[in-house]
Structure formats: C-alpha cells, structure tokens
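**Q** Quick one: structure below, then a few questions.
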Amino acid sequence: MSKIENNVEELVKPIIEKIGYKLYDVIYEKEGKDYFLRIFIDNEKGISLEDCEKVNNAITEVLDEKDYIKDQYFLEVSSPGVERILRKDWQIKENIGKNVEVKLFKPLNGEKVISGELKNFDEENIIINDINIPRKDISLIKIKFEW
C-alpha cells in the first residue's frame, strides 16, 4: 500500500464509518495518462449508486483540503463487488473458506492461475486447497464467484 493510499485511508475512514459504511479499500493508480483514486465501500445491505454519491460528497472537501495528491486525479467511489480483490490480511481472514482465484507472477506447478478454497494464510504463504503459495509470488487474489 502506497503512502498516498495510507494517508487517504486514515483521513476518510472515520468519515465513511460515521455515515454508516465500511471502508473496504483505497487504491491510487495511474491508467494511461490519468490518475484514479478509488475508494471502495461496503455494508451489510450492499452498495447503491446513492450510497456512492453520499460518500463521495462527504469526503471530497476533506481530500481537497489535505491535498495529499498533487497530480490531477479522478475520484471513484464504488462497491468492491462480488469478485472483490483481497489485498489486506483482514480481507483474507474474512474470506477463509470461500472460493478464490490467485494469479501468480510466475508459474507454480505449471500454473499461473490457481482457483480453489482459501484454507489459511500467514505472513509468508496463502493456502488454497492443499497448495502452499508464497505471498511474494502472488500478483492478485480475488473472490471467485460462481455465476
């Protein structure tokens, strides 16, 4: 997690929680020539467009005041979705027992994508089914929703 993402998370988390939502993640990234600050929110009832608008309105002014991001950027507030990305330990822990898809930087046992049940994890490894996957080799972990 970048310094910008950490600073933004610390800044907006109490505001988002105060209005009844859970801050799921903050991602600051460049796509093409544009920068995006993506704020992912959640709650037990799911997230609507009105929820995203409410959070956007609540955090825009404070983000502008703190001015953590010097480049021009687009602010996006959304749900993490059903196939949500798992970047933090609390997110991984919350999803033990669920089906996930893991994408790797390099093949493990001839595979660059491993799907299965998230069994456990520690600082060094993620365990999918009975496969021990080094965390340093993982480029992405996400929930695998069966459509």
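In the structure tokens, the first chain shown is A, the next is B, and so on; residue numbers restart at 1 for each chain, and ligands run from 1 in the order shown.
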If DSSP is run on the backbone, what residues of chain A are strand (DSSP E)? A reply as an mmCIF file with C-alpha atoms, in the first residue's frame would be ideal.
**A**
```cif
data_model
loop_
_atom_site.group_PDB
_atom_site.id
_atom_site.type_symbol
_atom_site.label_atom_id
_atom_site.label_comp_id
_atom_site.auth_asym_id
_atom_site.auth_seq_id
_atom_site.Cartn_x
_atom_site.Cartn_y
_atom_site.Cartn_z
ATOM 1 C CA LYS A 22 -17.256 0.288 5.983
ATOM 2 C CA LEU A 23 -14.126 1.383 4.131
ATOM 3 C CA TYR A 24 -13.053 -1.727 2.227
ATOM 4 C CA ASP A 25 -10.024 -0.390 0.350
ATOM 5 C CA VAL A 26 -8.260 2.622 -1.159
ATOM 6 C CA ILE A 27 -6.358 2.299 -4.426
ATOM 7 C CA TYR A 28 -4.438 5.106 -6.111
ATOM 8 C CA GLU A 29 -3.231 4.186 -9.583
ATOM 9 C CA LYS A 30 -2.353 5.515 -12.992
ATOM 10 C CA GLU A 31 -4.166 4.241 -16.070
ATOM 11 C CA ASP A 34 -4.866 9.593 -15.954
ATOM 12 C CA TYR A 35 -4.654 9.053 -12.189
ATOM 13 C CA PHE A 36 -7.515 7.486 -10.218
ATOM 14 C CA LEU A 37 -8.247 7.460 -6.505
ATOM 15 C CA ARG A 38 -10.618 4.560 -5.952
ATOM 16 C CA ILE A 39 -12.470 4.301 -2.656
ATOM 17 C CA PHE A 40 -14.280 1.006 -2.091
ATOM 18 C CA ILE A 41 -17.082 0.957 0.472
ATOM 19 C CA ASP A 42 -19.299 -1.787 1.811
ATOM 20 C CA TYR A 73 -6.979 12.713 -10.421
ATOM 21 C CA PHE A 74 -10.428 11.227 -10.773
ATOM 22 C CA LEU A 75 -12.206 10.175 -7.575
ATOM 23 C CA GLU A 76 -14.270 6.995 -7.856
ATOM 24 C CA VAL A 77 -16.378 5.617 -5.013
ATOM 25 C CA SER A 78 -17.821 2.149 -5.510
ATOM 26 C CA ASN A 99 -13.500 -19.897 -3.301
ATOM 27 C CA VAL A 100 -10.773 -17.616 -4.583
ATOM 28 C CA GLU A 101 -8.678 -17.145 -7.680
ATOM 29 C CA VAL A 102 -4.967 -16.457 -7.282
ATOM 30 C CA LYS A 103 -2.902 -15.027 -10.139
ATOM 31 C CA LEU A 104 0.848 -15.532 -9.940
ATOM 32 C CA PHE A 105 3.841 -13.632 -11.278
ATOM 33 C CA LYS A 106 5.439 -16.937 -12.289
ATOM 34 C CA PRO A 107 4.040 -20.467 -12.689
ATOM 35 C CA LEU A 108 3.711 -22.778 -9.684
ATOM 36 C CA GLU A 111 0.040 -22.929 -13.409
ATOM 37 C CA LYS A 112 -0.139 -19.111 -13.284
ATOM 38 C CA VAL A 113 -3.757 -19.095 -12.061
ATOM 39 C CA ILE A 114 -4.884 -21.264 -9.144
ATOM 40 C CA SER A 115 -8.501 -21.478 -8.037
ATOM 41 C CA GLY A 116 -9.924 -23.200 -5.004
ATOM 42 C CA GLU A 117 -10.909 -22.856 -1.388
ATOM 43 C CA LEU A 118 -8.961 -20.370 0.694
ATOM 44 C CA LYS A 119 -7.853 -22.547 3.612
ATOM 45 C CA ASN A 120 -5.457 -20.360 5.570
ATOM 46 C CA PHE A 121 -2.614 -17.834 5.394
ATOM 47 C CA ASN A 125 2.069 -18.099 2.394
ATOM 48 C CA ILE A 126 -1.517 -18.426 1.259
ATOM 49 C CA ILE A 127 -3.015 -21.912 1.284
ATOM 50 C CA ILE A 128 -5.506 -22.722 -1.476
ATOM 51 C CA ILE A 131 -1.348 -25.811 -2.191
ATOM 52 C CA ASN A 132 1.083 -23.579 -0.314
ATOM 53 C CA ILE A 133 1.577 -20.407 -2.380
ATOM 54 C CA PRO A 134 4.328 -17.931 -1.422
ATOM 55 C CA ILE A 138 1.057 -13.573 -5.902
ATOM 56 C CA SER A 139 0.025 -10.705 -8.155
ATOM 57 C CA LEU A 140 -3.709 -10.850 -7.296
ATOM 58 C CA ILE A 141 -6.142 -12.673 -5.036
ATOM 59 C CA LYS A 142 -9.876 -12.242 -5.563
ATOM 60 C CA ILE A 143 -13.097 -13.946 -4.619
#
```
**Q** Name the residues of chain A that fall into helix (DSSP H, G or I) according to DSSP on the backbone, using the chain letters and numbers of this document, as a ChimeraX atom specification.
**A** /A:3-18,49-66,89-94,135-137
**Q** Residues as selected, N, CA and C atoms, written as a tab-separated table (two decimals), in the first residue's frame, can you do that?
**A**
```tsv
chain	number	residue	atom	x	y	z
A	3	LYS	N	2.04	5.32	0.24
A	3	LYS	CA	1.88	6.35	1.27
A	3	LYS	C	0.60	7.15	1.04
A	4	ILE	N	0.32	7.46	-0.22
A	4	ILE	CA	-0.91	8.19	-0.54
A	4	ILE	C	-2.12	7.38	-0.10
A	5	GLU	N	-2.14	6.08	-0.43
A	5	GLU	CA	-3.26	5.22	-0.05
A	5	GLU	C	-3.42	5.17	1.47
A	6	ASN	N	-2.32	5.04	2.19
A	6	ASN	CA	-2.38	5.02	3.66
A	6	ASN	C	-2.92	6.33	4.22
A	7	ASN	N	-2.41	7.45	3.71
A	7	ASN	CA	-2.87	8.76	4.20
A	7	ASN	C	-4.35	8.97	3.92
A	8	VAL	N	-4.77	8.63	2.70
A	8	VAL	CA	-6.17	8.80	2.34
A	8	VAL	C	-7.05	7.89	3.20
A	9	GLU	N	-6.62	6.65	3.42
A	9	GLU	CA	-7.41	5.72	4.24
A	9	GLU	C	-7.59	6.27	5.65
A	10	GLU	N	-6.51	6.74	6.26
A	10	GLU	CA	-6.61	7.31	7.62
A	10	GLU	C	-7.53	8.52	7.66
A	11	LEU	N	-7.51	9.31	6.61
A	11	LEU	CA	-8.32	10.52	6.54
A	11	LEU	C	-9.80	10.22	6.37
A	12	VAL	N	-10.14	9.34	5.43
A	12	VAL	CA	-11.55	9.15	5.08
A	12	VAL	C	-12.26	8.07	5.88
A	13	LYS	N	-11.53	7.14	6.47
A	13	LYS	CA	-12.16	6.02	7.19
A	13	LYS	C	-13.14	6.49	8.27
A	14	PRO	N	-12.75	7.41	9.16
A	14	PRO	CA	-13.71	7.84	10.18
A	14	PRO	C	-14.95	8.54	9.60
A	15	ILE	N	-14.77	9.26	8.52
A	15	ILE	CA	-15.90	9.96	7.87
A	15	ILE	C	-16.86	8.92	7.29
A	16	ILE	N	-16.31	7.94	6.59
A	16	ILE	CA	-17.12	6.90	5.96
A	16	ILE	C	-17.85	6.07	7.01
A	17	GLU	N	-17.16	5.73	8.09
A	17	GLU	CA	-17.80	4.95	9.16
A	17	GLU	C	-18.89	5.75	9.87
A	18	LYS	N	-18.67	7.04	10.02
A	18	LYS	CA	-19.65	7.90	10.70
A	18	LYS	C	-20.98	7.95	9.95
A	49	LEU	N	-25.88	3.24	-5.97
A	49	LEU	CA	-25.31	4.45	-6.55
A	49	LEU	C	-25.47	5.63	-5.59
A	50	GLU	N	-26.61	5.68	-4.90
A	50	GLU	CA	-26.85	6.76	-3.93
A	50	GLU	C	-25.86	6.70	-2.78
A	51	ASP	N	-25.50	5.47	-2.36
A	51	ASP	CA	-24.50	5.31	-1.29
A	51	ASP	C	-23.15	5.88	-1.74
A	52	CYS	N	-22.78	5.56	-2.97
A	52	CYS	CA	-21.51	6.05	-3.51
A	52	CYS	C	-21.49	7.58	-3.59
A	53	GLU	N	-22.61	8.14	-4.02
A	53	GLU	CA	-22.72	9.60	-4.11
A	53	GLU	C	-22.63	10.24	-2.73
A	54	LYS	N	-23.28	9.63	-1.75
A	54	LYS	CA	-23.26	10.15	-0.38
A	54	LYS	C	-21.82	10.17	0.17
A	55	VAL	N	-21.09	9.09	-0.04
A	55	VAL	CA	-19.70	9.02	0.44
A	55	VAL	C	-18.82	9.99	-0.33
A	56	ASN	N	-18.99	10.05	-1.64
A	56	ASN	CA	-18.23	10.99	-2.46
A	56	ASN	C	-18.40	12.41	-1.93
A	57	ASN	N	-19.64	12.81	-1.70
A	57	ASN	CA	-19.91	14.17	-1.20
A	57	ASN	C	-19.31	14.40	0.18
A	58	ALA	N	-19.27	13.37	1.00
A	58	ALA	CA	-18.75	13.50	2.36
A	58	ALA	C	-17.23	13.63	2.41
A	59	ILE	N	-16.53	13.06	1.43
A	59	ILE	CA	-15.06	13.05	1.50
A	59	ILE	C	-14.36	14.02	0.55
A	60	THR	N	-15.04	14.51	-0.45
A	60	THR	CA	-14.40	15.34	-1.48
A	60	THR	C	-13.72	16.57	-0.88
A	61	GLU	N	-14.43	17.30	-0.04
A	61	GLU	CA	-13.89	18.54	0.50
A	61	GLU	C	-12.65	18.29	1.37
A	62	VAL	N	-12.71	17.26	2.22
A	62	VAL	CA	-11.57	16.99	3.09
A	62	VAL	C	-10.36	16.50	2.29
A	63	LEU	N	-10.60	15.75	1.21
A	63	LEU	CA	-9.49	15.35	0.34
A	63	LEU	C	-8.85	16.56	-0.33
A	64	ASP	N	-9.68	17.50	-0.76
A	64	ASP	CA	-9.16	18.72	-1.38
A	64	ASP	C	-8.37	19.56	-0.37
A	65	GLU	N	-8.86	19.64	0.86
A	65	GLU	CA	-8.18	20.41	1.90
A	65	GLU	C	-6.82	19.83	2.23
A	66	LYS	N	-6.74	18.53	2.42
A	66	LYS	CA	-5.47	17.89	2.79
A	66	LYS	C	-4.48	17.87	1.63
A	89	ASP	N	-4.63	-8.36	5.06
A	89	ASP	CA	-4.79	-9.56	5.87
A	89	ASP	C	-6.21	-9.70	6.41
A	90	TRP	N	-6.83	-8.62	6.86
A	90	TRP	CA	-8.18	-8.73	7.42
A	90	TRP	C	-9.18	-9.18	6.34
A	91	GLN	N	-8.93	-8.79	5.09
A	91	GLN	CA	-9.81	-9.21	3.99
A	91	GLN	C	-9.63	-10.70	3.70
A	92	ILE	N	-8.39	-11.16	3.74
A	92	ILE	CA	-8.10	-12.57	3.52
A	92	ILE	C	-8.73	-13.39	4.65
A	93	LYS	N	-8.52	-12.97	5.89
A	93	LYS	CA	-9.06	-13.69	7.05
A	93	LYS	C	-10.58	-13.79	6.98
A	94	GLU	N	-11.22	-12.70	6.59
A	94	GLU	CA	-12.68	-12.64	6.49
A	94	GLU	C	-13.24	-13.60	5.43
A	135	ARG	N	3.43	-15.78	-0.77
A	135	ARG	CA	2.76	-14.49	-1.00
A	135	ARG	C	3.54	-13.60	-1.96
A	136	LYS	N	4.86	-13.70	-1.92
A	136	LYS	CA	5.69	-12.85	-2.79
A	136	LYS	C	5.48	-13.17	-4.27
A	137	ASP	N	4.94	-14.35	-4.57
A	137	ASP	CA	4.69	-14.75	-5.95
A	137	ASP	C	3.28	-14.41	-6.44
```
**Q** Would you mind reading off the distance between CA of Gly46 in chain A and CA of Gly97 in chain A, one decimal, in Å?
**A** 21.0 Å
